[in-house]
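K.L.:
My questions all concern the structure below.
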Amino acid sequence: MLAPDGLKLDTSTEEDVDVITLSGEIDFGNVSKLRRALIDLARSGNDLEIRMDGVTFLDSTALGVLVQGRKRLEDASRELRLTGVRPRVKRTLEVAGLAEYLGV
Amino acid sequence: MPGDRFIELALDKGRHVLDVLFMHASEAVTIQDRPGQLIYANNRAAQMLGVANGEELVVNPTDALISQFEPVGLDGKPLSPDEFPGRRVLRGEPVVEQIVGYRHPDSGDTKWTRIRSSPVKDDSGRVVWAINFFSDITDEVVRDRERDLLGRVRDSLATSIEVDEILLALARVVVPDLAYWADVHIIDDGGYLTPVASVHPDYTDQQIVIDQTDQLRIPIETPGLEPRVARSGGTEVVRFGPGASLEDELPNLAGAVQRYGLTHVVCAPLKAADRVVGTFTLGRRGEDPRFDTGEMRWIEAVAERAGVSLANALLYAHERETAEVVQRGLVPTELPEVPGMQIASRYRPQARFSGVGGDFFDVLVPDEKTLLVAVGDIEGKGIPAAAAVGVARHTLRATAALDPDPDTVIAQMNNVLRHEQPARMCTLAYMTFRSDDAGIELGVVLAGHPPPLIVRADGGVEPLGEPCPPLGFLPQLEPHQHRTRLEPGDTVVAYTDGFAIGAEAPPESIAPLLKGAHIEDIEPLLDRLLVQLQIEEPNPRDDVVLLALRVGGPGE
């Protein structure tokens, strides 16, 4: 079941890779949850995988937060990749010119 | 032994048998005979009616005693003795449970009891007695009502951050259920109580009307009920009986009081974080009951909630006003006239961002052969985003005035935005329309922005441009310019990503809606798109910019 704000977020660590598992729609109304998680994980020293299997929508604020996350990791010489991206969300990333940058 | 015989026997033996049973019952108990006369009451029942003991209650004529109080139902309407559960049971109804309020006519306070009446039948099945159990549920009823009312207030207030809507919501909650008339004052910056709403049920259609005919600011230091409450922060009640001077108490409201025939008025402070931000005044007329203690508590609680919402709304209104001033500098107030080209635009802000999202657009005519159009979306919402939009738009204008080449404009905007604090990502669709001898060539460059769509004169729809990352975070961008020739009747539609419908983002969300757009005028076309968006997506996430440009005049 989704949280009332429409976004479910779980974090875990698997073999030196931090994992954020997301599902739902990510937009201005709930993106702070993701921003918070990315800030919290920024100091761990691990690479980060964001599992997007359950994500059905990203708005421009969500894209901005993902870009910030990638920048922060990049500054710490770590990698970010998005996995399990659904076709419609992938299309959003492509339209925004961000698919490659976000490791899709 | 059948119940009726037992009671008869018990009554024969004097009260004590029944007293043994009921004396220490936590509930009040009475027994009525067939004509409805009280034949037994335990002491608790007597106490409820202010009589020393049960025996005395039975000896006294009950109707006279009860008539000291005004019995009412939960809806506040008076109950006749026939409607009491005991009488109903005696008329043949099975067990009846009913809530009855006893309103004290002087204090206006109501005691609420739950009465459970059961019939006692004789051998032939005839109802001969009614046994009534009373429990005092005053606290429960008051609490429930309070919760219900506060729930309604909270729901009404939560739906709005508009001052007018909050006042109306407040009015709808209290008028006419709780008061005949209500009035709200807000303390303005200068320390004046400013009337902002005065409401009463309209005589003709029972609707709530905002009546601002009593517009009069009162200095907070003046005498009178409302300034006094604003100063003290405590709730007060005023009753206009013979000798009470209306003018002294309500110098500003004497007109309303006389017009509506108000006889008692309660005034509570509207508070936000212990600060009085205004006053909330409710009035009732002669025929209405007095405000009782429970109601006073509700009114105070309502005023407290409304105070917080109003303070937020006023702050928001102030912020929005600022935002609108800022925004007027960010979207063109009017579009330039361009020979041989029709241009239309729409901007629909998203209210929850103080009327400012990050969307912007601009239409520039640096020379008679060039038309430049930019549509973008900067990261963030509210006033900080508006300030950032200012930076983006002015950089665009300054750069394009010197060199409208897309590479230059994109590089310069990227550079400026990347060094802003905080750096904000910004999407941009940048279009150059250049007239030459053969017609018009359109160049489109995208930076993170969904592609504008072209609706050809024959109705075909295609996206324009190739994706490239947004501005503001990468040191270098390599945008690709997409070039196409425009023919008369071709229409370019640009937009921002607020044009999302459910989980469908543009261009997929908007392209199907452009079917048939080639035969519509562009102004009604944009209106139709906004209406369709509103219907398909009644809860928009974001603000929306729509631009349409068509080659050729309306008659060509």
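Just so we're on the same page: first chain in the structure tokens is A, next is B, and so on; residues restart at 1 for each chain, and ligands are numbered from 1 in the order they show up.
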When you look at Gly45 of chain A with a cut-off of 9 Å (counting only C-alpha atoms), what residues show up, excluding the ones that are within fewer than 5 positions of it in the same chain? I need them as a list in words.
P.N.:
Asp16, Leu73, Ala76, Ser77 and Arg78 of chain A
K.L.:
Taking N, CA and C atoms for each residue, export the selection above as a PDB file, in the first residue's frame.
P.N.:
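To be explicit, this is the file written out as part04.pdb:
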```pdb
ATOM      1  N   ASP A  16      27.745  -3.448  -0.091  1.00  0.00           N
ATOM      2  CA  ASP A  16      28.406  -2.155  -0.319  1.00  0.00           C
ATOM      3  C   ASP A  16      27.689  -1.244  -1.312  1.00  0.00           C
ATOM      4  N   LEU A  73      26.798  12.578  -5.251  1.00  0.00           N
ATOM      5  CA  LEU A  73      27.574  11.342  -5.295  1.00  0.00           C
ATOM      6  C   LEU A  73      28.835  11.524  -6.127  1.00  0.00           C
ATOM      7  N   ALA A  76      31.627  12.932  -4.436  1.00  0.00           N
ATOM      8  CA  ALA A  76      32.275  11.983  -3.534  1.00  0.00           C
ATOM      9  C   ALA A  76      32.824  10.782  -4.313  1.00  0.00           C
ATOM     10  N   SER A  77      32.951  10.950  -5.640  1.00  0.00           N
ATOM     11  CA  SER A  77      33.450   9.880  -6.525  1.00  0.00           C
ATOM     12  C   SER A  77      32.672   8.575  -6.369  1.00  0.00           C
ATOM     13  N   ARG A  78      31.385   8.703  -6.301  1.00  0.00           N
ATOM     14  CA  ARG A  78      30.550   7.507  -6.205  1.00  0.00           C
ATOM     15  C   ARG A  78      29.562   7.502  -7.359  1.00  0.00           C
TER      16      ARG A  78
END
```
K.L.:
Give me, as a list in words, the residues of chain B touching chain A, with the criterion being at most 6 Å (counting only C-alpha atoms).
P.N.:
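Those within range of chain A come out as Gly448, His449, Pro450, Pro467, Cys468, Pro469 and Ala503 of chain B.
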K.L.:
Give me, please, the distance in Å between atom CA of Gly92 of chain B and atom CA of Ser80 of chain B, quoted to one decimal.
P.N.:
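These two atoms are separated by 17.8 Å.
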K.L.:
Which residues come within 8 Å of Thr30 of chain B, counting only C-alpha atoms, excluding same-chain residues fewer than 2 positions away, as a list in words?
P.N.:
Ala28, Gln32, Leu38, Ile39, Tyr40, Ala41, Asn42, Ala45, Ile131, Asn132 and Phe133 of chain B
K.L.:
Could you name the residues that touch Ala311 of chain B at 10 Å or less, counting only C-alpha atoms, but leaving out those on the same chain fewer than 6 positions away, as JSON, numbers by chain?
P.N.:
{"B": [161, 163, 186, 270, 271, 272, 273, 275, 276, 277, 278, 317]}
K.L.:
Give the strand (DSSP E or B) residues of segment 16-101 of chain A, as assigned by DSSP on the backbone, as an MDAnalysis selection string.
P.N.:
chainID A and resid 17:26 47:58 80:83
K.L.:
Take the residues from that selection and put them in a file with N, CA and C atoms, as a compact mmCIF listing (two decimals), in the first residue's frame.
P.N.:
```txt
# COMPACT_ATOMS: atom_id res chain seq x y z
N VAL A 17 26.49 -1.56 -1.63
CA VAL A 17 25.71 -0.64 -2.46
C VAL A 17 24.47 -0.23 -1.66
N ASP A 18 24.30 1.09 -1.52
CA ASP A 18 23.07 1.57 -0.88
C ASP A 18 21.93 1.44 -1.89
N VAL A 19 20.79 1.04 -1.39
CA VAL A 19 19.65 0.86 -2.29
C VAL A 19 18.46 1.67 -1.76
N ILE A 20 17.90 2.49 -2.63
CA ILE A 20 16.63 3.15 -2.32
C ILE A 20 15.58 2.52 -3.21
N THR A 21 14.55 1.98 -2.61
CA THR A 21 13.48 1.39 -3.41
C THR A 21 12.27 2.32 -3.34
N LEU A 22 11.84 2.75 -4.50
CA LEU A 22 10.75 3.72 -4.56
C LEU A 22 9.55 3.11 -5.24
N SER A 23 8.36 3.51 -4.79
CA SER A 23 7.20 3.23 -5.63
C SER A 23 6.15 4.32 -5.45
N GLY A 24 5.41 4.53 -6.51
CA GLY A 24 4.38 5.56 -6.50
C GLY A 24 4.73 6.69 -7.46
N GLU A 25 4.07 7.81 -7.24
CA GLU A 25 4.30 8.97 -8.09
C GLU A 25 5.14 9.97 -7.31
N ILE A 26 6.17 10.49 -7.92
CA ILE A 26 7.03 11.43 -7.20
C ILE A 26 6.81 12.82 -7.80
N ASP A 47 28.25 3.23 -3.41
CA ASP A 47 27.51 3.60 -4.61
C ASP A 47 26.02 3.47 -4.29
N LEU A 48 25.21 4.07 -5.14
CA LEU A 48 23.77 4.08 -4.86
C LEU A 48 22.98 3.55 -6.04
N GLU A 49 22.07 2.65 -5.72
CA GLU A 49 21.14 2.18 -6.73
C GLU A 49 19.74 2.64 -6.32
N ILE A 50 19.04 3.25 -7.24
CA ILE A 50 17.65 3.61 -6.95
C ILE A 50 16.76 2.69 -7.77
N ARG A 51 16.00 1.88 -7.07
CA ARG A 51 15.11 0.92 -7.77
C ARG A 51 13.78 1.61 -8.04
N MET A 52 13.49 1.69 -9.31
CA MET A 52 12.37 2.51 -9.76
C MET A 52 11.19 1.66 -10.23
N ASP A 53 11.24 0.34 -9.98
CA ASP A 53 10.21 -0.56 -10.55
C ASP A 53 8.79 -0.08 -10.29
N GLY A 54 8.56 0.46 -9.09
CA GLY A 54 7.18 0.84 -8.74
C GLY A 54 6.86 2.29 -9.04
N VAL A 55 7.79 3.02 -9.67
CA VAL A 55 7.55 4.45 -9.89
C VAL A 55 6.79 4.66 -11.19
N THR A 56 5.69 5.38 -11.10
CA THR A 56 4.85 5.56 -12.29
C THR A 56 4.91 6.98 -12.85
N PHE A 57 5.46 7.92 -12.08
CA PHE A 57 5.47 9.31 -12.55
C PHE A 57 6.58 10.09 -11.86
N LEU A 58 7.25 10.93 -12.62
CA LEU A 58 8.23 11.88 -12.06
C LEU A 58 7.89 13.25 -12.60
N LEU A 80 25.79 6.61 -9.25
CA LEU A 80 24.34 6.47 -9.08
C LEU A 80 23.79 5.76 -10.30
N ARG A 81 22.95 4.79 -10.08
CA ARG A 81 22.19 4.30 -11.24
C ARG A 81 20.75 4.02 -10.86
N LEU A 82 19.93 4.26 -11.85
CA LEU A 82 18.50 3.99 -11.67
C LEU A 82 18.22 2.66 -12.33
N THR A 83 17.54 1.77 -11.63
CA THR A 83 17.23 0.47 -12.24
C THR A 83 15.72 0.25 -12.25
```
K.L.:
For Gly472 of chain B, list every protein, DNA or RNA residue within 7 Å, evaluated using only C-alpha atoms, and leave out those in the same chain fewer than 4 positions away; present the list as a list in words.
P.N.:
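After dropping sequence-adjacent residues, the list is Asn414, Asn415, Leu417, Arg418, Ala423, Arg424, Met425 and Cys426 of chain B.
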K.L.:
Could you give me, as number ranges by chain, the residues within 12 Å of Val96 of chain B, counting only C-alpha atoms and dropping anything in the same chain fewer than 6 positions from it?
P.N.:
B: 83-90, 114-119, 130-134
K.L.:
Filtering to N, CA and C atoms, could you give me those residues as a PDB file, in the first residue's frame?
P.N.:
```pdb
ATOM      1  N   GLU B  83     -43.964  13.007  23.634  1.00  0.00           N
ATOM      2  CA  GLU B  83     -42.852  12.454  22.875  1.00  0.00           C
ATOM      3  C   GLU B  83     -41.817  11.786  23.770  1.00  0.00           C
ATOM      4  N   PHE B  84     -42.016  11.861  25.106  1.00  0.00           N
ATOM      5  CA  PHE B  84     -41.068  11.237  26.016  1.00  0.00           C
ATOM      6  C   PHE B  84     -41.153   9.729  25.915  1.00  0.00           C
ATOM      7  N   PRO B  85     -40.031   9.034  26.104  1.00  0.00           N
ATOM      8  CA  PRO B  85     -40.012   7.580  25.927  1.00  0.00           C
ATOM      9  C   PRO B  85     -41.020   6.849  26.813  1.00  0.00           C
ATOM     10  N   GLY B  86     -41.206   7.281  28.069  1.00  0.00           N
ATOM     11  CA  GLY B  86     -42.147   6.604  28.968  1.00  0.00           C
ATOM     12  C   GLY B  86     -43.548   6.592  28.385  1.00  0.00           C
ATOM     13  N   ARG B  87     -43.965   7.762  27.882  1.00  0.00           N
ATOM     14  CA  ARG B  87     -45.313   7.858  27.298  1.00  0.00           C
ATOM     15  C   ARG B  87     -45.416   6.999  26.038  1.00  0.00           C
ATOM     16  N   ARG B  88     -44.325   6.960  25.286  1.00  0.00           N
ATOM     17  CA  ARG B  88     -44.355   6.167  24.047  1.00  0.00           C
ATOM     18  C   ARG B  88     -44.491   4.683  24.375  1.00  0.00           C
ATOM     19  N   VAL B  89     -43.781   4.239  25.430  1.00  0.00           N
ATOM     20  CA  VAL B  89     -43.854   2.834  25.830  1.00  0.00           C
ATOM     21  C   VAL B  89     -45.269   2.508  26.309  1.00  0.00           C
ATOM     22  N   LEU B  90     -45.833   3.444  27.049  1.00  0.00           N
ATOM     23  CA  LEU B  90     -47.195   3.210  27.559  1.00  0.00           C
ATOM     24  C   LEU B  90     -48.199   3.151  26.422  1.00  0.00           C
ATOM     25  N   ARG B 114     -29.828  10.232  28.572  1.00  0.00           N
ATOM     26  CA  ARG B 114     -30.289   9.143  27.711  1.00  0.00           C
ATOM     27  C   ARG B 114     -31.346   8.401  28.510  1.00  0.00           C
ATOM     28  N   ILE B 115     -32.558   8.340  27.984  1.00  0.00           N
ATOM     29  CA  ILE B 115     -33.650   7.672  28.695  1.00  0.00           C
ATOM     30  C   ILE B 115     -33.936   6.351  27.998  1.00  0.00           C
ATOM     31  N   ARG B 116     -33.956   5.303  28.823  1.00  0.00           N
ATOM     32  CA  ARG B 116     -34.301   3.988  28.274  1.00  0.00           C
ATOM     33  C   ARG B 116     -35.564   3.542  28.994  1.00  0.00           C
ATOM     34  N   SER B 117     -36.632   3.403  28.245  1.00  0.00           N
ATOM     35  CA  SER B 117     -37.910   3.045  28.854  1.00  0.00           C
ATOM     36  C   SER B 117     -38.333   1.657  28.408  1.00  0.00           C
ATOM     37  N   SER B 118     -38.747   0.846  29.395  1.00  0.00           N
ATOM     38  CA  SER B 118     -39.197  -0.513  29.077  1.00  0.00           C
ATOM     39  C   SER B 118     -40.623  -0.697  29.581  1.00  0.00           C
ATOM     40  N   PRO B 119     -41.443  -1.380  28.815  1.00  0.00           N
ATOM     41  CA  PRO B 119     -42.812  -1.627  29.256  1.00  0.00           C
ATOM     42  C   PRO B 119     -42.870  -2.804  30.240  1.00  0.00           C
ATOM     43  N   ALA B 130     -44.365   1.804  32.952  1.00  0.00           N
ATOM     44  CA  ALA B 130     -43.144   2.056  32.180  1.00  0.00           C
ATOM     45  C   ALA B 130     -42.021   2.302  33.171  1.00  0.00           C
ATOM     46  N   ILE B 131     -40.943   1.542  33.039  1.00  0.00           N
ATOM     47  CA  ILE B 131     -39.767   1.789  33.892  1.00  0.00           C
ATOM     48  C   ILE B 131     -38.766   2.584  33.058  1.00  0.00           C
ATOM     49  N   ASN B 132     -38.333   3.708  33.620  1.00  0.00           N
ATOM     50  CA  ASN B 132     -37.428   4.585  32.872  1.00  0.00           C
ATOM     51  C   ASN B 132     -36.084   4.670  33.573  1.00  0.00           C
ATOM     52  N   PHE B 133     -35.042   4.420  32.832  1.00  0.00           N
ATOM     53  CA  PHE B 133     -33.680   4.604  33.340  1.00  0.00           C
ATOM     54  C   PHE B 133     -33.088   5.840  32.669  1.00  0.00           C
ATOM     55  N   PHE B 134     -32.526   6.705  33.490  1.00  0.00           N
ATOM     56  CA  PHE B 134     -31.939   7.945  32.953  1.00  0.00           C
ATOM     57  C   PHE B 134     -30.440   7.928  33.190  1.00  0.00           C
TER      58      PHE B 134
END
```
